[in-house]
Every structure is written in structure tokens, then in C-alpha cells.
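Novice: I have a structure here, written as C-alpha cells, and I will follow up with some questions on it.
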Amino acid sequence: MVVLLVLGVVTFYIFVLFLMIKTNRYTNIKRGKEFFHGKYLFVYFISFTLIYYGYEWYEEAIESNGDILNGIILIILAAILLVLVIIRNIKSSNFIFGITITIVQIILYMPILIFTMVSGFTALFCIVWTIPFML
């Protein structure tokens, strides 16, 4: 069962990368710009991470009657980053295409970032787990 799960995740990941390459080819021909590259991935990674930890911080503060402003500030910073991406996409194309490509970026980058975060944390856990045995 684990093998099927891994194969499904890898297949889905390859499919998402295929969609990104096809979309880049299309937008490069039609608009003269590629909308899927490392800079956008990094910005989405930062914004999704800020949203996740901001929400976690907000929920924790509500449960403990703490200061909810910290979590709200992180979420607002992430929203500002996303608005800047939308503005850049609209400037690179027209309004409708800019909004549409931003939605497609969010849909395609989300599974990549989730996969990357999970595998990154797993690798970090394995490294931390094995370092004491190496010493």
C-alpha cells in the first residue's frame, strides 16, 4: 500500500511539472513571458509558510487568551506578497489573464510546496535522528 501511495505521489508530481512546462510554453508564445520559475516558487513558499504559521499562531493565541496580533501580522504579510504577485502578473499581461495565471500558479504550486515541505522536514528529522549515533 505504501508503494502505491509513493507511486501516486510521484506520478502526480510529474503531472504537475508537465502542466507547468506546457503552460510556460504557451505563455511564452502568447505573452512572451514564462510564469512558472524559481522566483515565483520562492515567493509562494514564503507566503504559504507565513499563512500556515500565522494561522497556527493565531489559533494558539485564541486557545490561551494570548495576543492574536502576531498571527494576524504574519497572515497580512503573506497576503501582501500574494497581492504583489497578482500585480506583477497583471502588469506582464492583461487583467483577466493575470488573475487566471495567478490562480493556476496557486493551484500548481500548492502540491509542489506541500511535497517539498514534507520531504524536507522528513529529511531534517532523519538527519537529526542519526547525528547522535554518528558522534
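Letters for chains follow the order of the C-alpha cells (A, B, ...), residue numbers begin at 1 for each chain, and ligand numbers begin at 1 in the order shown.
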Determine, counting only C-alpha atoms, which protein, DNA and RNA residues have an atom within 10 Å of an atom of Phe45 (chain A); residues of the same chain fewer than 5 positions away are not included. Present the result as a list in words.
Specialist: Lys39, Tyr40, Leu50, Ile51, Ala78, Tyr109, Met110, Ile112, Leu113, Ile114, Thr116 and Met117 of chain A
Novice: Tell me which protein, DNA and RNA residues are within 10 Å of region 79-83 of chain A, counting only C-alpha atoms, leaving out same-chain ones fewer than 3 positions away, and put them as a PyMOL selection string.
Specialist: chain A and resi 43-44+46-48+50-51+73-76+86-89+102+106
Novice: Name all residues at most 12 Å from region 7-10 of chain A (count only C-alpha atoms; drop same-chain ones fewer than 2 positions away) and give them as an NGL selection string.
Specialist: :A and (1-5 or 12-17 or 111-112 or 114-116 or 119)
Novice: Go ahead and save the residues from that selection, with C-alpha atoms, as a PDB file, in the first residue's frame.
Specialist:
```
ATOM      1  CA  MET A   1       0.000   0.000   0.000  1.00  0.00           C
ATOM      2  CA  VAL A   2       2.866   2.374   0.788  1.00  0.00           C
ATOM      3  CA  VAL A   3       4.416   1.682  -2.593  1.00  0.00           C
ATOM      4  CA  LEU A   4       1.148   2.607  -4.332  1.00  0.00           C
ATOM      5  CA  LEU A   5       0.962   5.804  -2.314  1.00  0.00           C
ATOM      6  CA  PHE A  12       1.016  13.415  -9.531  1.00  0.00           C
ATOM      7  CA  TYR A  13       4.213  15.426  -9.052  1.00  0.00           C
ATOM      8  CA  ILE A  14       5.358  14.573 -12.602  1.00  0.00           C
ATOM      9  CA  PHE A  15       1.923  15.528 -13.937  1.00  0.00           C
ATOM     10  CA  VAL A  16       2.073  18.920 -12.191  1.00  0.00           C
ATOM     11  CA  LEU A  17       5.555  19.564 -13.601  1.00  0.00           C
ATOM     12  CA  PRO A 111       1.109  20.423  -4.123  1.00  0.00           C
ATOM     13  CA  ILE A 112       4.748  21.044  -5.015  1.00  0.00           C
ATOM     14  CA  ILE A 114       3.443  20.639   0.341  1.00  0.00           C
ATOM     15  CA  PHE A 115       5.531  17.774  -1.078  1.00  0.00           C
ATOM     16  CA  THR A 116       8.719  19.798  -0.658  1.00  0.00           C
ATOM     17  CA  SER A 119      10.077  15.721   2.326  1.00  0.00           C
TER      18      SER A 119
END
```
Novice: Give me, as number ranges by chain, the residues of region 60-96 of chain A that a backbone DSSP run labels helix (DSSP H, G or I).
Specialist: A: 60-63, 69-92, 95-96
Novice: Please produce a file of those selected residues containing N, CA and C atoms, as an mmCIF file, in the first residue's frame.
Specialist:
```cif
data_model
loop_
_atom_site.group_PDB
_atom_site.id
_atom_site.type_symbol
_atom_site.label_atom_id
_atom_site.label_comp_id
_atom_site.auth_asym_id
_atom_site.auth_seq_id
_atom_site.Cartn_x
_atom_site.Cartn_y
_atom_site.Cartn_z
ATOM 1 N N GLU A 60 -3.390 29.296 18.395
ATOM 2 C CA GLU A 60 -2.789 29.058 19.702
ATOM 3 C C GLU A 60 -3.071 30.219 20.655
ATOM 4 N N ALA A 61 -3.028 31.437 20.131
ATOM 5 C CA ALA A 61 -3.294 32.611 20.961
ATOM 6 C C ALA A 61 -4.756 32.659 21.395
ATOM 7 N N ILE A 62 -5.655 32.229 20.535
ATOM 8 C CA ILE A 62 -7.075 32.205 20.915
ATOM 9 C C ILE A 62 -7.313 31.196 22.027
ATOM 10 N N GLU A 63 -6.685 30.022 21.921
ATOM 11 C CA GLU A 63 -6.868 28.983 22.944
ATOM 12 C C GLU A 63 -6.298 29.392 24.289
ATOM 13 N N LEU A 69 -2.432 39.257 17.633
ATOM 14 C CA LEU A 69 -1.905 40.170 16.626
ATOM 15 C C LEU A 69 -0.710 39.583 15.862
ATOM 16 N N ASN A 70 0.102 38.778 16.522
ATOM 17 C CA ASN A 70 1.273 38.197 15.860
ATOM 18 C C ASN A 70 0.868 37.331 14.667
ATOM 19 N N GLY A 71 -0.106 36.461 14.873
ATOM 20 C CA GLY A 71 -0.570 35.617 13.790
ATOM 21 C C GLY A 71 -1.217 36.423 12.678
ATOM 22 N N ILE A 72 -1.976 37.437 13.037
ATOM 23 C CA ILE A 72 -2.634 38.279 12.037
ATOM 24 C C ILE A 72 -1.607 39.023 11.203
ATOM 25 N N ILE A 73 -0.542 39.491 11.821
ATOM 26 C CA ILE A 73 0.506 40.205 11.086
ATOM 27 C C ILE A 73 1.181 39.281 10.073
ATOM 28 N N LEU A 74 1.451 38.031 10.462
ATOM 29 C CA LEU A 74 2.046 37.087 9.521
ATOM 30 C C LEU A 74 1.123 36.822 8.331
ATOM 31 N N ILE A 75 -0.163 36.680 8.595
ATOM 32 C CA ILE A 75 -1.123 36.441 7.522
ATOM 33 C C ILE A 75 -1.223 37.664 6.615
ATOM 34 N N ILE A 76 -1.180 38.858 7.182
ATOM 35 C CA ILE A 76 -1.240 40.081 6.374
ATOM 36 C C ILE A 76 0.011 40.205 5.494
ATOM 37 N N LEU A 77 1.190 39.864 6.042
ATOM 38 C CA LEU A 77 2.412 39.892 5.231
ATOM 39 C C LEU A 77 2.318 38.911 4.055
ATOM 40 N N ALA A 78 1.753 37.736 4.311
ATOM 41 C CA ALA A 78 1.576 36.762 3.234
ATOM 42 C C ALA A 78 0.592 37.278 2.192
ATOM 43 N N ALA A 79 -0.468 37.928 2.632
ATOM 44 C CA ALA A 79 -1.443 38.489 1.690
ATOM 45 C C ALA A 79 -0.809 39.589 0.846
ATOM 46 N N ILE A 80 0.051 40.393 1.442
ATOM 47 C CA ILE A 80 0.746 41.445 0.686
ATOM 48 C C ILE A 80 1.632 40.819 -0.390
ATOM 49 N N LEU A 81 2.351 39.745 -0.045
ATOM 50 C CA LEU A 81 3.169 39.053 -1.040
ATOM 51 C C LEU A 81 2.318 38.525 -2.191
ATOM 52 N N LEU A 82 1.169 37.947 -1.872
ATOM 53 C CA LEU A 82 0.299 37.420 -2.918
ATOM 54 C C LEU A 82 -0.272 38.529 -3.791
ATOM 55 N N VAL A 83 -0.603 39.665 -3.188
ATOM 56 C CA VAL A 83 -1.101 40.803 -3.973
ATOM 57 C C VAL A 83 -0.001 41.329 -4.897
ATOM 58 N N LEU A 84 1.239 41.354 -4.417
ATOM 59 C CA LEU A 84 2.346 41.782 -5.276
ATOM 60 C C LEU A 84 2.540 40.837 -6.467
ATOM 61 N N VAL A 85 2.351 39.545 -6.245
ATOM 62 C CA VAL A 85 2.431 38.590 -7.350
ATOM 63 C C VAL A 85 1.302 38.847 -8.345
ATOM 64 N N ILE A 86 0.102 39.087 -7.853
ATOM 65 C CA ILE A 86 -1.029 39.378 -8.733
ATOM 66 C C ILE A 86 -0.747 40.635 -9.556
ATOM 67 N N ILE A 87 -0.233 41.676 -8.915
ATOM 68 C CA ILE A 87 0.070 42.920 -9.626
ATOM 69 C C ILE A 87 1.128 42.679 -10.702
ATOM 70 N N ARG A 88 2.149 41.909 -10.368
ATOM 71 C CA ARG A 88 3.198 41.632 -11.360
ATOM 72 C C ARG A 88 2.655 40.822 -12.533
ATOM 73 N N ASN A 89 1.791 39.859 -12.246
ATOM 74 C CA ASN A 89 1.203 39.064 -13.319
ATOM 75 C C ASN A 89 0.296 39.920 -14.204
ATOM 76 N N ILE A 90 -0.440 40.833 -13.615
ATOM 77 C CA ILE A 90 -1.314 41.710 -14.399
ATOM 78 C C ILE A 90 -0.483 42.664 -15.242
ATOM 79 N N LYS A 91 0.613 43.179 -14.693
ATOM 80 C CA LYS A 91 1.476 44.068 -15.478
ATOM 81 C C LYS A 91 2.131 43.329 -16.648
ATOM 82 N N SER A 92 2.419 42.041 -16.472
ATOM 83 C CA SER A 92 3.045 41.265 -17.536
ATOM 84 C C SER A 92 2.058 40.854 -18.622
ATOM 85 N N PHE A 95 -5.557 42.044 -17.478
ATOM 86 C CA PHE A 95 -6.178 41.814 -16.175
ATOM 87 C C PHE A 95 -6.699 40.388 -16.038
ATOM 88 N N ILE A 96 -7.496 39.936 -16.986
ATOM 89 C CA ILE A 96 -8.116 38.614 -16.890
ATOM 90 C C ILE A 96 -7.052 37.515 -16.910
#
```
Novice: Report, in Å with one decimal, the straight-line distance from CA of Leu108 (chain A) to CA of Tyr58 (chain A).
Specialist: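 About the pair CA of Leu108 (chain A) and CA of Tyr58 (chain A): they are 26.8 Å apart.
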Novice: Please indicate the distance in Å from CA of Phe42 (chain A) to CA of Glu59 (chain A), rounded to one decimal place.
Specialist: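 So the answer is 25.6 Å.
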Novice: Name all residues at most 12 Å from region 27-30 of chain A (count only C-alpha atoms; drop same-chain ones fewer than 3 positions away) and give them as a list in words.
Specialist: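 Returned residues: Met20, Ile21, Lys22, Thr23, Asn24, Lys33, Glu34, Phe35, Phe36, Asn89, Ser92, Ser93, Asn94, Phe97, Gly98, Thr100 and Ile101 of chain A.
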Novice: Just write the chosen residues, N, CA and C atoms, as a PDB file, in the first residue's frame.
Specialist:
```pdb
ATOM      1  N   MET A  20       3.105  22.548 -15.747  1.00  0.00           N
ATOM      2  CA  MET A  20       3.850  23.796 -15.635  1.00  0.00           C
ATOM      3  C   MET A  20       4.686  24.046 -16.897  1.00  0.00           C
ATOM      4  N   ILE A  21       5.309  23.019 -17.426  1.00  0.00           N
ATOM      5  CA  ILE A  21       6.122  23.174 -18.634  1.00  0.00           C
ATOM      6  C   ILE A  21       5.240  23.547 -19.819  1.00  0.00           C
ATOM      7  N   LYS A  22       4.093  22.877 -19.964  1.00  0.00           N
ATOM      8  CA  LYS A  22       3.180  23.198 -21.063  1.00  0.00           C
ATOM      9  C   LYS A  22       2.644  24.623 -20.936  1.00  0.00           C
ATOM     10  N   THR A  23       2.307  25.038 -19.718  1.00  0.00           N
ATOM     11  CA  THR A  23       1.797  26.398 -19.511  1.00  0.00           C
ATOM     12  C   THR A  23       2.882  27.421 -19.819  1.00  0.00           C
ATOM     13  N   ASN A  24       4.113  27.146 -19.420  1.00  0.00           N
ATOM     14  CA  ASN A  24       5.220  28.058 -19.732  1.00  0.00           C
ATOM     15  C   ASN A  24       5.436  28.192 -21.233  1.00  0.00           C
ATOM     16  N   LYS A  33       6.413  35.713 -21.939  1.00  0.00           N
ATOM     17  CA  LYS A  33       6.897  35.626 -20.556  1.00  0.00           C
ATOM     18  C   LYS A  33       6.539  34.261 -19.989  1.00  0.00           C
ATOM     19  N   GLU A  34       7.448  33.714 -19.208  1.00  0.00           N
ATOM     20  CA  GLU A  34       7.176  32.467 -18.506  1.00  0.00           C
ATOM     21  C   GLU A  34       6.719  32.800 -17.093  1.00  0.00           C
ATOM     22  N   PHE A  35       5.626  32.179 -16.671  1.00  0.00           N
ATOM     23  CA  PHE A  35       5.051  32.490 -15.373  1.00  0.00           C
ATOM     24  C   PHE A  35       5.379  31.459 -14.305  1.00  0.00           C
ATOM     25  N   PHE A  36       6.071  30.396 -14.641  1.00  0.00           N
ATOM     26  CA  PHE A  36       6.454  29.385 -13.663  1.00  0.00           C
ATOM     27  C   PHE A  36       7.972  29.277 -13.635  1.00  0.00           C
ATOM     28  N   ASN A  89       1.791  39.859 -12.246  1.00  0.00           N
ATOM     29  CA  ASN A  89       1.203  39.064 -13.319  1.00  0.00           C
ATOM     30  C   ASN A  89       0.296  39.920 -14.204  1.00  0.00           C
ATOM     31  N   SER A  92       2.419  42.041 -16.472  1.00  0.00           N
ATOM     32  CA  SER A  92       3.045  41.265 -17.536  1.00  0.00           C
ATOM     33  C   SER A  92       2.058  40.854 -18.622  1.00  0.00           C
ATOM     34  N   SER A  93       0.785  40.930 -18.316  1.00  0.00           N
ATOM     35  CA  SER A  93      -0.233  40.541 -19.288  1.00  0.00           C
ATOM     36  C   SER A  93      -1.423  41.478 -19.110  1.00  0.00           C
ATOM     37  N   ASN A  94      -2.614  41.005 -19.410  1.00  0.00           N
ATOM     38  CA  ASN A  94      -3.799  41.823 -19.153  1.00  0.00           C
ATOM     39  C   ASN A  94      -4.453  41.386 -17.846  1.00  0.00           C
ATOM     40  N   PHE A  97      -6.098  37.614 -17.825  1.00  0.00           N
ATOM     41  CA  PHE A  97      -5.051  36.603 -17.899  1.00  0.00           C
ATOM     42  C   PHE A  97      -4.172  36.631 -16.648  1.00  0.00           C
ATOM     43  N   GLY A  98      -3.899  37.811 -16.101  1.00  0.00           N
ATOM     44  CA  GLY A  98      -3.091  37.923 -14.891  1.00  0.00           C
ATOM     45  C   GLY A  98      -3.743  37.243 -13.696  1.00  0.00           C
ATOM     46  N   THR A 100      -6.099  34.905 -13.916  1.00  0.00           N
ATOM     47  CA  THR A 100      -6.198  33.482 -14.230  1.00  0.00           C
ATOM     48  C   THR A 100      -4.867  32.765 -14.007  1.00  0.00           C
ATOM     49  N   ILE A 101      -3.775  33.340 -14.456  1.00  0.00           N
ATOM     50  CA  ILE A 101      -2.478  32.684 -14.295  1.00  0.00           C
ATOM     51  C   ILE A 101      -2.068  32.653 -12.817  1.00  0.00           C
TER      52      ILE A 101
END
```
